[in-house]
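Q: My structure is below; once you've seen it, I'll send some questions.
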Amino acid sequence: MAALIHLHRGDAEGARRHLDAAGAGVEGHVVGPLALATGMALEQAGRPREALAVLVEGMASVEDLLPDAVRLAVELGEDASAAVARAERLAAEMDVPHRRASAAYCRALVAGDPVGLLHAAEEYRVAGRPLPRAKALGAAAVVFASAGDRTSARAALSHAVDLHTALGADWDATLLLARLRELGIRRGPHAKHRRATHGWDSLTPMELKVTELVVTGLSNRQIGERLFLSGRTVATHVSHVLAKLGVRSRTDIAREAVRHRVG
């Protein structure tokens, strides 16, 4: 775990000391944090295929390896169907937030589905797992940017970087910002985003997607079907949007969205 913390902070030398101390782990058993740290160290050293091999070897017995295994497989153009299938089986066996989140994240990565990645981020939020949530938001930002949806990309990027920064995960934040710059997306003023608790700039990526669909005239049930959310969850998002924008109706939301050139 200490090695993982150092790696997320961008301190490869500090991580190496802990990895050397850990050695090979427990013979005959996969130690999840050790496998994650070993894979991340290899990835940072420019050896992603070796990193993927480490994760694939352990993912059959350690479910926490699945999201990063799928991410690397997708980045390398490898088949990730076995990992996705395992994540979905685990979610079906026990319907709990972190397993739902993992399955949604893996599935959306393979499909290149940004809304599915936002859904995964929401499930990770419910599960109380901020780092995977930040990764899901970052992945959504990349896919949105690749599709030319700059507004959604910038919103997802800003929230992902805020989460990474709060966790001290400087390596992750720097890598994500560089990737989005390559796609023509910059975050914008940091302080402005941190201060925003009301108004358009305070809307989360999922709230922005809900708002876009409100503009098209869809009901909460129809929006839920599009975003794979329950009607109650959509209603909660709509309530948050109304409160943050200081308006009273869906028509008012649509008016604000048009004013901000969304929808």
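FYI, nothing fancy with the structure tokens labels: chains A, B, ... in order, residues from 1 per chain, ligands from 1 as they appear.
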Got a sec: who's within 8 Å of segment 122-128 of chain A, counting only C-alpha atoms, leaving out chain neighbours fewer than 2 positions off, as a CSV table (one decimal) with all heavy atoms, in the first residue's frame?

A:
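In the end it all went to selection-v8.csv:
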chain,number,residue,atom,x,y,z
A,97,PRO,N,-22.4,-1.6,-4.3
A,97,PRO,CA,-21.9,-0.5,-5.1
A,97,PRO,C,-20.6,-0.7,-5.8
A,97,PRO,O,-20.4,-0.4,-6.9
A,97,PRO,CB,-21.9,0.7,-4.1
A,97,PRO,CG,-23.0,0.4,-3.2
A,97,PRO,CD,-22.9,-1.1,-3.0
A,98,HIS,N,-19.6,-1.2,-5.0
A,98,HIS,CA,-18.2,-1.2,-5.6
A,98,HIS,C,-18.1,-2.3,-6.7
A,98,HIS,O,-17.4,-2.1,-7.7
A,98,HIS,CB,-17.1,-1.5,-4.6
A,98,HIS,CG,-17.0,-2.9,-4.1
A,98,HIS,ND1,-17.8,-3.4,-3.1
A,98,HIS,CD2,-16.2,-3.9,-4.5
A,98,HIS,CE1,-17.4,-4.7,-2.9
A,98,HIS,NE2,-16.5,-5.0,-3.8
A,100,ARG,N,-20.8,-3.1,-8.6
A,100,ARG,CA,-21.6,-2.5,-9.7
A,100,ARG,C,-20.7,-1.5,-10.5
A,100,ARG,O,-20.7,-1.4,-11.7
A,100,ARG,CB,-22.9,-1.8,-9.2
A,100,ARG,CG,-23.9,-2.8,-8.7
A,100,ARG,CD,-25.3,-2.0,-8.6
A,100,ARG,NE,-25.2,-0.9,-7.8
A,100,ARG,CZ,-25.5,-0.8,-6.5
A,100,ARG,NH1,-25.9,-1.9,-5.9
A,100,ARG,NH2,-25.5,0.3,-5.8
A,101,ALA,N,-20.0,-0.7,-9.7
A,101,ALA,CA,-19.1,0.3,-10.3
A,101,ALA,C,-18.0,-0.4,-11.1
A,101,ALA,O,-17.7,0.1,-12.2
A,101,ALA,CB,-18.5,1.1,-9.2
A,118,LEU,N,-19.5,7.8,-16.6
A,118,LEU,CA,-20.0,8.7,-15.6
A,118,LEU,C,-20.9,7.9,-14.6
A,118,LEU,O,-20.9,8.1,-13.4
A,118,LEU,CB,-20.9,9.7,-16.3
A,118,LEU,CG,-20.2,10.8,-17.1
A,118,LEU,CD1,-21.1,11.8,-17.6
A,118,LEU,CD2,-19.0,11.4,-16.4
A,119,HIS,N,-21.6,6.9,-15.2
A,119,HIS,CA,-22.4,6.0,-14.3
A,119,HIS,C,-21.5,5.3,-13.3
A,119,HIS,O,-21.8,5.1,-12.1
A,119,HIS,CB,-23.2,5.1,-15.2
A,119,HIS,CG,-24.0,4.0,-14.4
A,119,HIS,ND1,-24.9,4.3,-13.4
A,119,HIS,CD2,-23.9,2.7,-14.4
A,119,HIS,CE1,-25.4,3.2,-12.9
A,119,HIS,NE2,-24.8,2.2,-13.4
A,120,ALA,N,-20.4,4.7,-13.8
A,120,ALA,CA,-19.5,4.0,-13.0
A,120,ALA,C,-18.9,5.0,-11.9
A,120,ALA,O,-18.8,4.6,-10.7
A,120,ALA,CB,-18.3,3.5,-13.8
A,130,PRO,N,-13.0,7.1,-3.8
A,130,PRO,CA,-12.7,8.3,-4.6
A,130,PRO,C,-11.7,8.1,-5.7
A,130,PRO,O,-11.8,8.8,-6.8
A,130,PRO,CB,-12.2,9.3,-3.6
A,130,PRO,CG,-11.7,8.5,-2.4
A,130,PRO,CD,-12.6,7.3,-2.4
A,132,PRO,N,-10.9,5.3,-7.7
A,132,PRO,CA,-11.5,4.8,-8.9
A,132,PRO,C,-12.6,5.7,-9.5
A,132,PRO,O,-12.7,5.7,-10.7
A,132,PRO,CB,-12.2,3.5,-8.3
A,132,PRO,CG,-11.5,3.1,-7.1
A,132,PRO,CD,-11.1,4.4,-6.5
A,133,ARG,N,-13.2,6.5,-8.6
A,133,ARG,CA,-14.2,7.5,-9.2
A,133,ARG,C,-13.4,8.5,-10.1
A,133,ARG,O,-13.9,8.8,-11.2
A,133,ARG,CB,-14.9,8.2,-8.0
A,133,ARG,CG,-15.9,9.2,-8.5
A,133,ARG,CD,-16.5,10.0,-7.4
A,133,ARG,NE,-17.4,11.1,-7.8
A,133,ARG,CZ,-17.6,12.2,-7.2
A,133,ARG,NH1,-17.1,12.4,-6.0
A,133,ARG,NH2,-18.5,13.1,-7.7
A,206,MET,N,-22.3,14.3,-14.4
A,206,MET,CA,-23.6,13.6,-14.5
A,206,MET,C,-24.7,14.5,-14.5
A,206,MET,O,-25.7,14.4,-15.3
A,206,MET,CB,-23.8,12.5,-13.4
A,206,MET,CG,-25.0,11.7,-13.5
A,206,MET,SD,-25.1,10.7,-15.1
A,206,MET,CE,-24.2,9.3,-14.6

Q: Taking into account only C-alpha atoms, which residue in the set A:Arg129, A:His260, A:Arg221, A:Arg179 is nearest to Ala141 of chain A?

A: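 When distances to Ala141 of chain A are compared using only C-alpha atoms, the smallest one comes from A:Arg179.
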
Q: Measuring atom to atom with only C-alpha atoms, identify which of A:Ile223, A:Val142, A:Ala134, A:Leu55 is nearest to Thr165 of chain A.

A: A:Ala134

Q: Taking 6 positions as the minimum chain separation for residues in the same chain, which residues sit within 10 Å of Val238 of chain A when counting only C-alpha atoms? Answer as a PyMOL selection string.

A: chain A and resi 207-208+210-211+214+220+232+244+249-250+253

Q: Compare A:Phe228, A:Ala254, A:Leu183, A:His29 by their minimum atom-to-atom distance to Leu213 of chain A, counting only C-alpha atoms, and give me the closest one.

A: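 Going through A:Phe228, A:Ala254, A:Leu183, A:His29 one by one, the smallest distance to Leu213 of chain A is for A:Ala254.
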
Q: Among segment 25-172 of chain A, which ones does DSSP place in helix (DSSP H, G or I), written as an MDAnalysis selection string?

A: chainID A and resid 32:44 48:58 63:76 81:93 97:111 114:127 130:146 150:167 170:172

Q: Would you compute the distance between atom CA of Ala3 of chain A and atom CA of Leu34 of chain A? Give it in Å to one decimal.

A: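 Between atom CA of Ala3 of chain A and atom CA of Leu34 of chain A the gap works out to 8.1 Å.
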
Q: Counting only C-alpha atoms, figure out which residue out of A:Leu227, A:Ala91, A:Leu157, A:Ala104 gets nearest to Ala121 of chain A.

A: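 For Ala121 of chain A, the nearest of the given residues is A:Ala104.
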
Q: Please compute the atom CA of Glu93 of chain A-atom CA of Cys106 of chain A distance, one decimal, in Å.

A: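 Between atom CA of Glu93 of chain A and atom CA of Cys106 of chain A the gap works out to 16.6 Å.
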
Q: Of the candidates A:Leu218, A:Leu137, A:Phe144, A:Gly231, which shows the shortest atom-to-atom distance to Leu163 of chain A, using only C-alpha atoms?

A: A:Leu137

Q: Contacts between segment 150-153 of chain A and segment 69-117 of chain A, please, where a residue of segment 69-117 of chain A counts if it comes within 12 Å (with only C-alpha atoms); show its shortest atom pair and distance in Å to one decimal, rows by chain and ascending number, as a Markdown table.

A:
| residue | atom | partner | partner_atom | distance |
| --- | --- | --- | --- | --- |
| A:Pro114 | CA | A:Ala153 | CA | 9.3 |
| A:Val115 | CA | A:Ser152 | CA | 9.9 |
| A:Leu117 | CA | A:Ala153 | CA | 12.0 |

Q: Mind dumping the selected residues with N, CA and C atoms as a PDB file, in the first residue's frame?

A:
ATOM      1  N   PRO A 114     -18.810   7.105 -22.792  1.00  0.00           N
ATOM      2  CA  PRO A 114     -18.541   8.102 -21.746  1.00  0.00           C
ATOM      3  C   PRO A 114     -19.638   8.202 -20.707  1.00  0.00           C
ATOM      4  N   VAL A 115     -20.892   8.053 -21.122  1.00  0.00           N
ATOM      5  CA  VAL A 115     -21.998   8.118 -20.159  1.00  0.00           C
ATOM      6  C   VAL A 115     -21.931   6.920 -19.218  1.00  0.00           C
ATOM      7  N   LEU A 117     -19.229   5.526 -18.286  1.00  0.00           N
ATOM      8  CA  LEU A 117     -18.134   5.846 -17.357  1.00  0.00           C
ATOM      9  C   LEU A 117     -18.598   6.813 -16.279  1.00  0.00           C
TER      10      LEU A 117
END

Q: Do you have the atom CA of Leu7 of chain A-atom CA of Gly184 of chain A distance handy?

A: 26.9 Å

Q: Could you give me, as a list in words, the residues within 8 Å of segment 80-85 of chain A, counting only C-alpha atoms and dropping anything in the same chain fewer than 5 positions from it?

A: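 So the residues in contact are Met59, Leu66, Ala69, Val70, Ala73, Val74, Ala103, Cys106, Arg107 and Val110 of chain A.
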
Q: I'd like the contact shell of Gly246 of chain A - 8 Å cut-off, only C-alpha atoms, skipping same-chain residues fewer than 3 positions apart - returned as a PyMOL selection string.

A: chain A and resi 198-199+242-243
